[in-house]
file model16.pdb (PDB, C-alpha atoms)
ATOM      1  CA  MET A   6     -46.728 -48.647  22.627
ATOM      2  CA  ILE A   7     -47.083 -47.582  19.002
ATOM      3  CA  HIS A   8     -49.795 -45.012  18.351
ATOM      4  CA  GLN A   9     -52.388 -46.302  15.868
ATOM      5  CA  THR A  10     -52.820 -44.276  12.660
ATOM      6  CA  ALA A  11     -56.190 -42.483  12.589
ATOM      7  CA  TRP A  12     -58.689 -44.015  10.145
ATOM      8  CA  THR A  13     -59.081 -40.718   8.299
ATOM      9  CA  GLU A  14     -55.325 -40.664   7.636
ATOM     10  CA  ARG A  15     -55.225 -44.145   6.073
ATOM     11  CA  LYS A  16     -54.417 -44.360   2.363
ATOM     12  CA  PHE A  17     -55.148 -47.272   0.042
ATOM     13  CA  GLU A  18     -53.725 -48.134  -3.361
ATOM     14  CA  PHE A  19     -56.372 -50.665  -4.426
ATOM     15  CA  ASN A  20     -53.989 -52.542  -6.709
ATOM     16  CA  GLN A  21     -54.533 -56.124  -5.610
ATOM     17  CA  PRO A  22     -55.280 -58.816  -8.195
ATOM     18  CA  ILE A  23     -58.835 -60.094  -8.389
ATOM     19  CA  GLY A  24     -57.607 -63.433  -7.010
ATOM     20  CA  VAL A  25     -57.373 -61.825  -3.569
ATOM     21  CA  PHE A  26     -61.186 -61.507  -3.534
ATOM     22  CA  PRO A  27     -61.789 -64.839  -1.690
ATOM     23  CA  ILE A  28     -59.310 -63.726   0.997
ATOM     24  CA  ILE A  29     -61.086 -60.398   1.449
ATOM     25  CA  VAL A  30     -64.422 -62.199   1.827
ATOM     26  CA  GLU A  31     -62.879 -64.526   4.414
ATOM     27  CA  ARG A  32     -61.513 -61.554   6.349
ATOM     28  CA  LEU A  33     -65.018 -60.080   6.362
ATOM     29  CA  ARG A  34     -66.377 -63.364   7.726
ATOM     30  CA  GLY A  35     -63.727 -63.392  10.411
ATOM     31  CA  THR A  36     -64.533 -60.045  12.019
ATOM     32  CA  PRO A  37     -67.582 -61.051  14.124
ATOM     33  CA  ILE A  38     -65.770 -64.260  15.131
ATOM     34  CA  ARG A  39     -62.671 -62.386  16.258
ATOM     35  CA  LEU A  40     -64.753 -59.754  18.008
ATOM     36  CA  GLN A  41     -66.651 -62.395  19.948
ATOM     37  CA  ALA A  42     -63.417 -64.163  20.929
ATOM     38  CA  MET A  43     -61.903 -60.887  22.120
ATOM     39  CA  LEU A  44     -64.932 -59.867  24.140
ATOM     40  CA  ARG A  45     -64.804 -63.062  26.199
ATOM     41  CA  ASN A  46     -62.253 -61.187  28.313
ATOM     42  CA  ALA A  47     -64.232 -57.960  28.606
ATOM     43  CA  THR A  48     -65.535 -57.152  32.034
ATOM     44  CA  HIS A  49     -68.791 -55.351  32.693
ATOM     45  CA  GLU A  50     -66.820 -52.422  34.061
ATOM     46  CA  ASN A  51     -64.775 -51.692  30.957
ATOM     47  CA  LEU A  52     -67.727 -51.733  28.540
ATOM     48  CA  LYS A  53     -68.625 -48.067  29.001
ATOM     49  CA  GLU A  54     -65.339 -46.773  30.347
ATOM     50  CA  LYS A  55     -64.114 -43.714  28.404
ATOM     51  CA  THR A  56     -60.672 -42.163  28.269
ATOM     52  CA  GLY A  57     -61.113 -38.483  27.471
ATOM     53  CA  ASP A  58     -63.293 -38.037  24.403
ATOM     54  CA  LYS A  59     -62.398 -41.454  22.942
ATOM     55  CA  TRP A  60     -65.118 -44.003  22.308
ATOM     56  CA  SER A  61     -65.872 -46.645  24.916
ATOM     57  CA  LEU A  62     -65.777 -50.328  24.034
ATOM     58  CA  ILE A  63     -69.548 -50.442  23.565
ATOM     59  CA  GLU A  64     -69.368 -47.376  21.280
ATOM     60  CA  GLN A  65     -66.695 -49.066  19.153
ATOM     61  CA  VAL A  66     -68.858 -52.165  18.686
ATOM     62  CA  ASN A  67     -71.956 -50.051  18.032
ATOM     63  CA  HIS A  68     -70.014 -48.206  15.343
ATOM     64  CA  LEU A  69     -69.126 -51.479  13.585
ATOM     65  CA  CYS A  70     -72.823 -52.359  13.655
ATOM     66  CA  ASN A  71     -73.937 -48.949  12.407
ATOM     67  CA  CYS A  72     -71.566 -49.116   9.439
ATOM     68  CA  GLU A  73     -72.960 -52.366   8.046
ATOM     69  CA  GLU A  74     -75.783 -50.664   6.208
ATOM     70  CA  ILE A  75     -73.289 -48.343   4.530
ATOM     71  CA  TRP A  76     -71.119 -51.239   3.296
ATOM     72  CA  LEU A  77     -74.163 -53.122   2.059
ATOM     73  CA  GLY A  78     -75.528 -49.981   0.376
ATOM     74  CA  ARG A  79     -72.227 -49.386  -1.380
ATOM     75  CA  VAL A  80     -72.184 -52.882  -2.876
ATOM     76  CA  GLN A  81     -75.773 -52.310  -3.973
ATOM     77  CA  ASP A  82     -74.798 -48.957  -5.572
ATOM     78  CA  ILE A  83     -72.166 -50.763  -7.631
ATOM     79  CA  LEU A  84     -74.562 -53.543  -8.647
ATOM     80  CA  ASP A  85     -77.101 -50.856  -9.633
ATOM     81  CA  ARG A  86     -74.363 -49.320 -11.846
ATOM     82  CA  LYS A  87     -74.553 -45.932 -10.109
ATOM     83  CA  GLU A  88     -71.843 -43.467 -11.093
ATOM     84  CA  ILE A  89     -70.924 -42.509  -7.575
ATOM     85  CA  PHE A  90     -71.617 -43.888  -4.106
ATOM     86  CA  GLU A  91     -74.801 -42.493  -2.645
ATOM     87  CA  ARG A  92     -74.264 -40.335   0.432
ATOM     88  CA  ARG A  93     -75.433 -42.304   3.473
ATOM     89  CA  LEU A  94     -75.687 -41.400   7.109
ATOM     90  CA  LEU A  95     -74.823 -43.848   9.866
ATOM     91  CA  LYS A  96     -78.004 -45.565  11.038
ATOM     92  CA  THR A  97     -78.542 -46.618  14.600
ATOM     93  CA  ASP A  98     -81.182 -49.343  14.107
ATOM     94  CA  LEU A  99     -78.890 -52.146  15.284
ATOM     95  CA  GLN A 100     -77.552 -50.237  18.256
ATOM     96  CA  SER A 101     -77.820 -51.715  21.754
ATOM     97  CA  GLU A 102     -76.311 -51.302  25.180
ATOM     98  CA  GLN A 103     -76.288 -55.096  25.596
ATOM     99  CA  LEU A 104     -73.029 -56.470  24.282
ATOM    100  CA  GLN A 105     -74.356 -59.916  23.380
ATOM    101  CA  ILE A 106     -77.294 -58.429  21.433
ATOM    102  CA  LEU A 107     -74.923 -56.054  19.711
ATOM    103  CA  VAL A 108     -72.475 -58.772  18.669
ATOM    104  CA  SER A 109     -75.326 -60.912  17.427
ATOM    105  CA  ASN A 110     -76.785 -57.950  15.452
ATOM    106  CA  PHE A 111     -73.373 -57.303  13.935
ATOM    107  CA  SER A 112     -72.960 -60.938  13.013
ATOM    108  CA  ALA A 113     -76.409 -61.086  11.354
ATOM    109  CA  ALA A 114     -75.791 -57.854   9.427
ATOM    110  CA  ARG A 115     -72.369 -59.093   8.289
ATOM    111  CA  ASN A 116     -73.915 -62.342   7.062
ATOM    112  CA  LYS A 117     -76.163 -60.285   4.776
ATOM    113  CA  LEU A 118     -73.099 -58.658   3.236
ATOM    114  CA  ILE A 119     -71.339 -62.008   2.843
ATOM    115  CA  ASN A 120     -74.402 -63.581   1.224
ATOM    116  CA  LEU A 121     -74.483 -60.755  -1.283
ATOM    117  CA  VAL A 122     -70.852 -61.054  -2.355
ATOM    118  CA  GLU A 123     -69.487 -64.548  -1.680
ATOM    119  CA  ASN A 124     -70.404 -66.117  -5.013
ATOM    120  CA  MET A 125     -69.553 -63.178  -7.248
ATOM    121  CA  ASP A 126     -67.622 -63.720 -10.453
ATOM    122  CA  GLU A 127     -64.545 -61.758 -11.543
ATOM    123  CA  GLN A 128     -66.527 -59.419 -13.752
ATOM    124  CA  THR A 129     -68.890 -58.374 -10.949
ATOM    125  CA  ALA A 130     -66.092 -58.015  -8.382
ATOM    126  CA  SER A 131     -64.305 -55.760 -10.895
ATOM    127  CA  LEU A 132     -67.240 -53.373 -11.482
ATOM    128  CA  THR A 133     -66.184 -49.832 -10.646
ATOM    129  CA  ILE A 134     -67.744 -46.734  -9.123
ATOM    130  CA  ASN A 135     -66.566 -43.276  -8.113
ATOM    131  CA  HIS A 136     -65.910 -42.616  -4.471
ATOM    132  CA  PRO A 137     -66.719 -39.033  -3.386
ATOM    133  CA  ARG A 138     -63.375 -38.640  -1.565
ATOM    134  CA  LEU A 139     -61.072 -40.470  -3.996
ATOM    135  CA  PRO A 140     -59.576 -39.212  -7.273
ATOM    136  CA  ARG A 141     -60.282 -42.345  -9.338
ATOM    137  CA  PRO A 142     -62.949 -45.064  -9.480
ATOM    138  CA  ILE A 143     -62.650 -48.088  -7.214
ATOM    139  CA  ARG A 144     -63.702 -51.678  -7.824
ATOM    140  CA  LEU A 145     -66.369 -53.527  -5.828
ATOM    141  CA  MET A 146     -63.507 -55.644  -4.489
ATOM    142  CA  ASP A 147     -61.681 -52.499  -3.320
ATOM    143  CA  SER A 148     -64.768 -51.313  -1.496
ATOM    144  CA  LEU A 149     -64.864 -54.632   0.400
ATOM    145  CA  PHE A 150     -61.131 -54.390   1.091
ATOM    146  CA  SER A 151     -61.697 -50.990   2.639
ATOM    147  CA  THR A 152     -64.379 -52.573   4.866
ATOM    148  CA  THR A 153     -61.935 -55.249   6.102
ATOM    149  CA  GLU A 154     -59.381 -52.581   6.929
ATOM    150  CA  HIS A 155     -62.044 -50.525   8.719
ATOM    151  CA  ASP A 156     -63.034 -53.648  10.703
ATOM    152  CA  ASP A 157     -59.439 -54.289  11.723
ATOM    153  CA  HIS A 158     -58.934 -50.649  12.661
ATOM    154  CA  HIS A 159     -61.785 -50.916  15.153
ATOM    155  CA  LEU A 160     -60.849 -54.407  16.370
ATOM    156  CA  ALA A 161     -57.456 -52.982  17.322
ATOM    157  CA  LYS A 162     -59.241 -50.181  19.195
ATOM    158  CA  VAL A 163     -61.461 -52.715  20.990
ATOM    159  CA  ARG A 164     -58.377 -54.726  22.002
ATOM    160  CA  GLU A 165     -56.831 -51.628  23.544
ATOM    161  CA  LEU A 166     -59.984 -51.166  25.637
ATOM    162  CA  VAL A 167     -60.251 -54.846  26.618
ATOM    163  CA  ILE A 168     -56.655 -54.724  27.866
ATOM    164  CA  LEU A 169     -57.399 -51.594  29.939
TER     165      LEU A 169
ATOM    166  CA  MET B  25     -66.314 -68.576  -8.073
ATOM    167  CA  ILE B  26     -63.146 -66.495  -8.185
ATOM    168  CA  GLU B  27     -59.918 -68.461  -8.079
ATOM    169  CA  GLN B  28     -57.546 -67.509  -5.265
ATOM    170  CA  THR B  29     -54.144 -66.132  -6.296
ATOM    171  CA  PRO B  30     -51.356 -68.625  -5.402
ATOM    172  CA  TRP B  31     -49.222 -67.482  -2.457
ATOM    173  CA  PHE B  32     -45.992 -67.274  -4.440
ATOM    174  CA  GLU B  33     -47.642 -64.935  -6.955
ATOM    175  CA  ARG B  34     -48.690 -62.417  -4.314
ATOM    176  CA  LYS B  35     -46.923 -59.054  -4.335
ATOM    177  CA  PHE B  36     -46.836 -56.627  -1.445
ATOM    178  CA  ASP B  37     -46.302 -52.897  -1.113
ATOM    179  CA  PHE B  38     -44.498 -52.332   2.131
ATOM    180  CA  ASN B  39     -45.181 -48.616   2.238
ATOM    181  CA  PHE B  40     -47.727 -48.252   5.007
ATOM    182  CA  PRO B  41     -47.118 -46.171   8.132
ATOM    183  CA  VAL B  42     -45.743 -47.749  11.296
ATOM    184  CA  GLY B  43     -48.993 -46.659  12.960
ATOM    185  CA  LEU B  44     -50.579 -49.772  11.436
ATOM    186  CA  PHE B  45     -48.590 -51.902  13.873
ATOM    187  CA  PRO B  46     -51.443 -52.360  16.419
ATOM    188  CA  VAL B  47     -53.818 -53.310  13.567
ATOM    189  CA  ILE B  48     -51.404 -55.913  12.188
ATOM    190  CA  VAL B  49     -50.776 -57.423  15.627
ATOM    191  CA  GLU B  50     -54.546 -57.644  16.095
ATOM    192  CA  ARG B  51     -54.860 -59.528  12.806
ATOM    193  CA  LEU B  52     -52.237 -61.992  14.069
ATOM    194  CA  ARG B  53     -54.194 -62.503  17.287
ATOM    195  CA  GLY B  54     -57.371 -63.222  15.333
ATOM    196  CA  THR B  55     -56.174 -66.151  13.222
ATOM    197  CA  ALA B  56     -56.484 -68.963  15.789
ATOM    198  CA  PRO B  57     -60.064 -68.108  16.931
ATOM    199  CA  HIS B  58     -61.067 -67.623  13.291
ATOM    200  CA  ILE B  59     -59.871 -71.126  12.328
ATOM    201  CA  GLU B  60     -61.343 -72.613  15.486
ATOM    202  CA  GLN B  61     -64.779 -71.338  14.531
ATOM    203  CA  ILE B  62     -64.484 -72.627  10.953
ATOM    204  CA  VAL B  63     -63.501 -76.166  11.929
ATOM    205  CA  ASN B  64     -65.886 -76.351  14.856
ATOM    206  CA  SER B  65     -68.446 -79.151  14.438
ATOM    207  CA  THR B  66     -66.629 -80.607  11.435
ATOM    208  CA  THR B  67     -65.935 -84.339  11.279
ATOM    209  CA  ASP B  68     -62.411 -85.740  11.384
ATOM    210  CA  GLY B  69     -63.059 -87.282   7.984
ATOM    211  CA  GLN B  70     -63.653 -83.848   6.445
ATOM    212  CA  LEU B  71     -60.647 -82.389   8.235
ATOM    213  CA  SER B  72     -58.291 -85.148   7.045
ATOM    214  CA  ARG B  73     -59.623 -85.378   3.475
ATOM    215  CA  LYS B  74     -56.989 -84.848   0.777
ATOM    216  CA  MET B  75     -58.141 -83.935  -2.702
ATOM    217  CA  ASN B  76     -55.893 -84.290  -5.767
ATOM    218  CA  GLY B  77     -52.821 -84.503  -3.567
ATOM    219  CA  ALA B  78     -53.450 -81.055  -2.027
ATOM    220  CA  TRP B  79     -53.162 -80.501   1.715
ATOM    221  CA  SER B  80     -56.090 -81.437   3.937
ATOM    222  CA  ILE B  81     -57.589 -78.912   6.387
ATOM    223  CA  LYS B  82     -55.494 -80.413   9.204
ATOM    224  CA  GLU B  83     -52.360 -80.063   7.075
ATOM    225  CA  GLN B  84     -53.257 -76.421   6.356
ATOM    226  CA  VAL B  85     -53.523 -75.761  10.115
ATOM    227  CA  GLY B  86     -50.351 -77.753  10.737
ATOM    228  CA  HIS B  87     -48.548 -75.724   8.089
ATOM    229  CA  LEU B  88     -49.448 -72.510   9.910
ATOM    230  CA  TYR B  89     -47.969 -74.036  13.080
ATOM    231  CA  ASP B  90     -44.853 -75.202  11.221
ATOM    232  CA  LEU B  91     -44.082 -71.683  10.031
ATOM    233  CA  GLU B  92     -44.309 -70.024  13.443
ATOM    234  CA  GLU B  93     -40.690 -70.961  14.170
ATOM    235  CA  LEU B  94     -39.607 -69.132  11.001
ATOM    236  CA  TRP B  95     -41.655 -66.013  11.805
ATOM    237  CA  ARG B  96     -40.231 -65.878  15.352
ATOM    238  CA  GLY B  97     -36.743 -66.510  13.989
ATOM    239  CA  ARG B  98     -37.086 -63.629  11.553
ATOM    240  CA  ILE B  99     -38.016 -61.306  14.431
ATOM    241  CA  GLU B 100     -34.775 -62.476  16.104
ATOM    242  CA  ASP B 101     -32.924 -61.657  12.862
ATOM    243  CA  PHE B 102     -34.283 -58.085  12.889
ATOM    244  CA  LEU B 103     -33.399 -57.646  16.548
ATOM    245  CA  ALA B 104     -29.886 -59.035  15.961
ATOM    246  CA  GLY B 105     -29.352 -56.604  13.051
ATOM    247  CA  GLU B 106     -28.965 -59.355  10.408
ATOM    248  CA  LYS B 107     -28.652 -57.983   6.853
ATOM    249  CA  THR B 108     -30.785 -60.748   5.352
ATOM    250  CA  LEU B 109     -33.612 -62.640   7.001
ATOM    251  CA  ARG B 110     -33.418 -66.412   7.316
ATOM    252  CA  ALA B 111     -34.892 -68.210   4.320
ATOM    253  CA  ALA B 112     -38.058 -70.259   4.282
ATOM    254  CA  ASP B 113     -37.946 -73.857   3.104
ATOM    255  CA  LEU B 114     -39.914 -73.316  -0.101
ATOM    256  CA  SER B 115     -40.587 -77.024  -0.485
ATOM    257  CA  ASN B 116     -42.358 -77.112   2.910
ATOM    258  CA  THR B 117     -40.499 -80.234   4.045
ATOM    259  CA  LYS B 118     -41.626 -79.735   7.636
ATOM    260  CA  THR B 119     -45.312 -79.864   6.719
ATOM    261  CA  ARG B 120     -44.865 -82.737   4.279
ATOM    262  CA  GLU B 121     -43.086 -84.853   6.892
ATOM    263  CA  ALA B 122     -45.083 -83.903   9.987
ATOM    264  CA  ASN B 123     -47.960 -86.348   9.534
ATOM    265  CA  HIS B 124     -50.428 -83.683  10.636
ATOM    266  CA  ASN B 125     -53.331 -85.859   9.530
ATOM    267  CA  GLN B 126     -52.492 -88.257  12.393
ATOM    268  CA  LYS B 127     -53.161 -85.507  14.970
ATOM    269  CA  THR B 128     -56.536 -84.188  16.050
ATOM    270  CA  VAL B 129     -57.507 -80.726  14.896
ATOM    271  CA  ARG B 130     -57.752 -79.758  18.575
ATOM    272  CA  GLN B 131     -54.070 -80.699  19.093
ATOM    273  CA  LEU B 132     -53.070 -78.758  15.985
ATOM    274  CA  LEU B 133     -55.011 -75.687  17.076
ATOM    275  CA  ILE B 134     -53.448 -75.748  20.547
ATOM    276  CA  MET B 135     -49.967 -76.076  19.012
ATOM    277  CA  PHE B 136     -50.629 -73.179  16.641
ATOM    278  CA  SER B 137     -52.275 -71.022  19.268
ATOM    279  CA  ASP B 138     -49.412 -71.500  21.766
ATOM    280  CA  ALA B 139     -46.801 -70.719  19.125
ATOM    281  CA  ARG B 140     -48.747 -67.665  17.941
ATOM    282  CA  ASN B 141     -49.070 -66.371  21.500
ATOM    283  CA  ALA B 142     -45.295 -66.608  21.826
ATOM    284  CA  LEU B 143     -44.905 -64.502  18.657
ATOM    285  CA  ILE B 144     -47.411 -61.919  19.930
ATOM    286  CA  LYS B 145     -45.617 -61.673  23.279
ATOM    287  CA  LYS B 146     -42.366 -60.998  21.458
ATOM    288  CA  VAL B 147     -43.745 -58.109  19.430
ATOM    289  CA  GLU B 148     -46.781 -56.551  21.109
ATOM    290  CA  ASN B 149     -44.896 -53.941  23.113
ATOM    291  CA  LEU B 150     -42.286 -52.950  20.532
ATOM    292  CA  ASP B 151     -41.621 -49.259  19.938
ATOM    293  CA  GLU B 152     -41.603 -47.495  16.549
ATOM    294  CA  ALA B 153     -37.829 -47.662  16.126
ATOM    295  CA  THR B 154     -37.785 -51.438  16.658
ATOM    296  CA  ALA B 155     -40.836 -52.035  14.456
ATOM    297  CA  SER B 156     -39.015 -50.090  11.711
ATOM    298  CA  LEU B 157     -35.781 -52.149  11.799
ATOM    299  CA  THR B 158     -35.008 -53.242   8.237
ATOM    300  CA  SER B 159     -33.556 -56.367   6.645
ATOM    301  CA  ILE B 160     -33.679 -58.056   3.211
ATOM    302  CA  HIS B 161     -36.333 -60.668   2.515
ATOM    303  CA  PRO B 162     -34.440 -63.591   0.901
ATOM    304  CA  ARG B 163     -37.085 -64.579  -1.693
ATOM    305  CA  LEU B 164     -38.561 -61.173  -2.502
ATOM    306  CA  GLN B 165     -35.068 -59.594  -2.463
ATOM    307  CA  THR B 166     -36.528 -56.364  -1.136
ATOM    308  CA  PRO B 167     -35.870 -54.513   2.097
ATOM    309  CA  MET B 168     -38.517 -55.245   4.673
ATOM    310  CA  ARG B 169     -39.230 -53.650   8.035
ATOM    311  CA  LEU B 170     -40.081 -55.760  11.065
ATOM    312  CA  ILE B 171     -43.664 -54.448  10.780
ATOM    313  CA  ASP B 172     -43.712 -55.575   7.120
ATOM    314  CA  SER B 173     -42.656 -59.078   8.111
ATOM    315  CA  LEU B 174     -45.619 -59.246  10.508
ATOM    316  CA  PHE B 175     -47.945 -57.943   7.793
ATOM    317  CA  PHE B 176     -46.552 -60.712   5.567
ATOM    318  CA  VAL B 177     -47.465 -63.264   8.278
ATOM    319  CA  ALA B 178     -51.015 -61.841   8.574
ATOM    320  CA  GLU B 179     -51.451 -62.134   4.794
ATOM    321  CA  HIS B 180     -50.036 -65.668   4.813
ATOM    322  CA  ASP B 181     -52.460 -66.606   7.616
ATOM    323  CA  ASP B 182     -55.439 -65.275   5.682
ATOM    324  CA  HIS B 183     -54.305 -67.066   2.531
ATOM    325  CA  HIS B 184     -54.504 -70.394   4.381
ATOM    326  CA  VAL B 185     -57.668 -69.582   6.351
ATOM    327  CA  THR B 186     -59.325 -68.954   2.980
ATOM    328  CA  LYS B 187     -58.019 -72.316   1.712
ATOM    329  CA  ILE B 188     -59.503 -74.016   4.785
ATOM    330  CA  ARG B 189     -62.900 -72.424   4.112
ATOM    331  CA  ALA B 190     -62.759 -73.511   0.457
ATOM    332  CA  LEU B 191     -61.862 -77.096   1.403
ATOM    333  CA  LEU B 192     -64.861 -77.281   3.712
ATOM    334  CA  ALA B 193     -67.166 -76.024   0.983
ATOM    335  CA  LYS B 194     -66.089 -78.774  -1.436
ATOM    336  CA  PRO B 195     -68.614 -81.640  -1.707
TER     337      PRO B 195
END
call {"tool": "encode", "arguments": {"input": "model16.pdb", "output": "structure tokens"}}
result
Amino acid sequence: MIHQTAWTERKFEFNQPIGVFPIIVERLRGTPIRLQAMLRNATHENLKEKTGDKWSLIEQVNHLCNCEEIWLGRVQDILDRKEIFERRLLKTDLQSEQLQILVSNFSAARNKLINLVENMDEQTASLTINHPRLPRPIRLMDSLFSTTEHDDHHLAKVRELVIL
Amino acid sequence: MIEQTPWFERKFDFNFPVGLFPVIVERLRGTAPHIEQIVNSTTDGQLSRKMNGAWSIKEQVGHLYDLEELWRGRIEDFLAGEKTLRAADLSNTKTREANHNQKTVRQLLIMFSDARNALIKKVENLDEATASLTSIHPRLQTPMRLIDSLFFVAEHDDHHVTKIRALLAKP
């Protein structure tokens, strides 16, 4: 079993051509679908099961939900031509202990993000902003790419817990 | 609307850590359910429609199935220590001659899903040393690790899933 790289250790080059934008948007659309498909095999027992201090399956899905407002806020920061991303704390408004409610909340929140970005033109997708932890500005498209990678990071974690 | 970069113009940096392996395998698992949801409740007419000679949605799905043999074969090449990976048929003869439009999308999805599961089974429990085995990619002419070849498949999947979405959106 190969140990998954921690999210905080991931590095991104953000050098993809703008023509990859439609693919990034499609990956964003795919996350709730893939999550739902994966959770068909989850049993009631493994929802809250924790190994050491690692998140349970329900905590992983709650985290995906909680992050949506951050991703949406970041796109808004770029559209508002802010110089740097606003500092945001994870919100827990969409949180639930009921998996089906949670997945449906995540799906609805993700649709908001998709609606905001899916018809963007090249110029808008190329708008840049400073990221507080990165040495150079990133494009709106790069911010969305980082969201897809964050999604996939947590989907891989969920899979590990579904298999348990 | 932003125009999607053609597949043969895509460039990849194969410099990510081997710790991305579980994430890449998860992407590969997600392709079939993702397509299934997109084509769900779509008429056969829409799925078979060809515009300006380009592939229909069913042909896009069929193409993904057609390539599974190559992806599995390349894993065999890595495991056998081949210097260069087997080449793809760049003219896509298999897809052009397969008459995928004569099949139902359900049949195509089952074919793809079964083939993809076979690929996943082959790779899901690999260790770091095996995932790092290296060979030359025949078209890109660059060294590629086994993990990179799977990343390449995940990117190829998403390229075509995006095409499927775009075809559905066309009036």
call {"tool": "closest_residue", "arguments": {"input": "model16.pdb", "among": "A:Lys162, A:Asp147, A:Leu121, A:Ile168", "to": "chain B", "atoms": "all atoms listed in the file"}}
result
A:Lys162
call {"tool": "resolve_selection", "arguments": {"input": "model16.pdb", "expression": "the PyMOL selection byres ((chain A) within 10 of (chain B))", "output": "PyMOL selection string"}}
result
chain A and resi 6-11+14-18+20-32+34-43+123-128+130+154-165
call {"tool": "atom_distance", "arguments": {"input": "model16.pdb", "atom1": "atom CA of B:Leu191", "atom2": "atom CA of B:Thr117"}}
result
21.8 Å
call {"tool": "residues_near_point", "arguments": {"input": "model16.pdb", "point": "(-69.1, -47.5, -6.3)", "cutoff": "10 Å", "atoms": "only C-alpha atoms", "output": "PyMOL selection string"}}
result
chain A and resi 78-91+132-137+142-145+147-148
call {"tool": "closest_residue", "arguments": {"input": "model16.pdb", "among": "B:Lys146, B:Ile81, B:Leu164, B:Pro195", "to": "B:Ala112", "atoms": "all atoms listed in the file"}}
result
B:Leu164
call {"tool": "closest_residue", "arguments": {"input": "model16.pdb", "among": "B:Leu109, B:Ile99, B:Leu170, B:Leu132", "to": "B:Leu71", "atoms": "all atoms listed in the file"}}
result
B:Leu132
call {"tool": "atom_distance", "arguments": {"input": "model16.pdb", "atom1": "atom CA of B:Glu83", "atom2": "atom CA of A:Leu33"}}
result
23.7 Å
call {"tool": "atom_distance", "arguments": {"input": "model16.pdb", "atom1": "atom CA of B:Arg110", "atom2": "atom CA of B:Ile134"}}
result
25.8 Å
call {"tool": "resolve_selection", "arguments": {"input": "model16.pdb", "expression": "the PyMOL selection byres ((chain B and resi 98) around 10)", "output": "PyMOL selection string"}}
result
chain B and resi 92-97+99-104+106+108-112+159+161+170+173-174
call {"tool": "resolve_selection", "arguments": {"input": "model16.pdb", "expression": "the PyMOL selection byres ((chain B and resi 87) around 10)", "output": "mmCIF file with C-alpha atoms, in the frame of the given file"}}
result
data_model
loop_
_atom_site.group_PDB
_atom_site.id
_atom_site.type_symbol
_atom_site.label_atom_id
_atom_site.label_comp_id
_atom_site.auth_asym_id
_atom_site.auth_seq_id
_atom_site.Cartn_x
_atom_site.Cartn_y
_atom_site.Cartn_z
ATOM 1 C CA TRP B 79 -53.162 -80.501 1.715
ATOM 2 C CA ILE B 81 -57.589 -78.912 6.387
ATOM 3 C CA LYS B 82 -55.494 -80.413 9.204
ATOM 4 C CA GLU B 83 -52.360 -80.063 7.075
ATOM 5 C CA GLN B 84 -53.257 -76.421 6.356
ATOM 6 C CA VAL B 85 -53.523 -75.761 10.115
ATOM 7 C CA GLY B 86 -50.351 -77.753 10.737
ATOM 8 C CA LEU B 88 -49.448 -72.510 9.910
ATOM 9 C CA TYR B 89 -47.969 -74.036 13.080
ATOM 10 C CA ASP B 90 -44.853 -75.202 11.221
ATOM 11 C CA LEU B 91 -44.082 -71.683 10.031
ATOM 12 C CA GLU B 92 -44.309 -70.024 13.443
ATOM 13 C CA ASN B 116 -42.358 -77.112 2.910
ATOM 14 C CA LYS B 118 -41.626 -79.735 7.636
ATOM 15 C CA THR B 119 -45.312 -79.864 6.719
ATOM 16 C CA ARG B 120 -44.865 -82.737 4.279
ATOM 17 C CA ALA B 122 -45.083 -83.903 9.987
ATOM 18 C CA HIS B 124 -50.428 -83.683 10.636
ATOM 19 C CA LEU B 132 -53.070 -78.758 15.985
ATOM 20 C CA PHE B 136 -50.629 -73.179 16.641
ATOM 21 C CA ASP B 181 -52.460 -66.606 7.616
ATOM 22 C CA HIS B 184 -54.504 -70.394 4.381
#
call {"tool": "axis_aligned_box", "arguments": {"input": "model16.pdb", "around": "stretch 145-162 of chain A", "padding_each_side": "8 Å", "output": "lines of an AutoDock Vina configuration file"}}
result
center_x = -61.9
center_y = -52.9
center_z = 6.7
size_x = 24.9
size_y = 21.5
size_z = 41.0
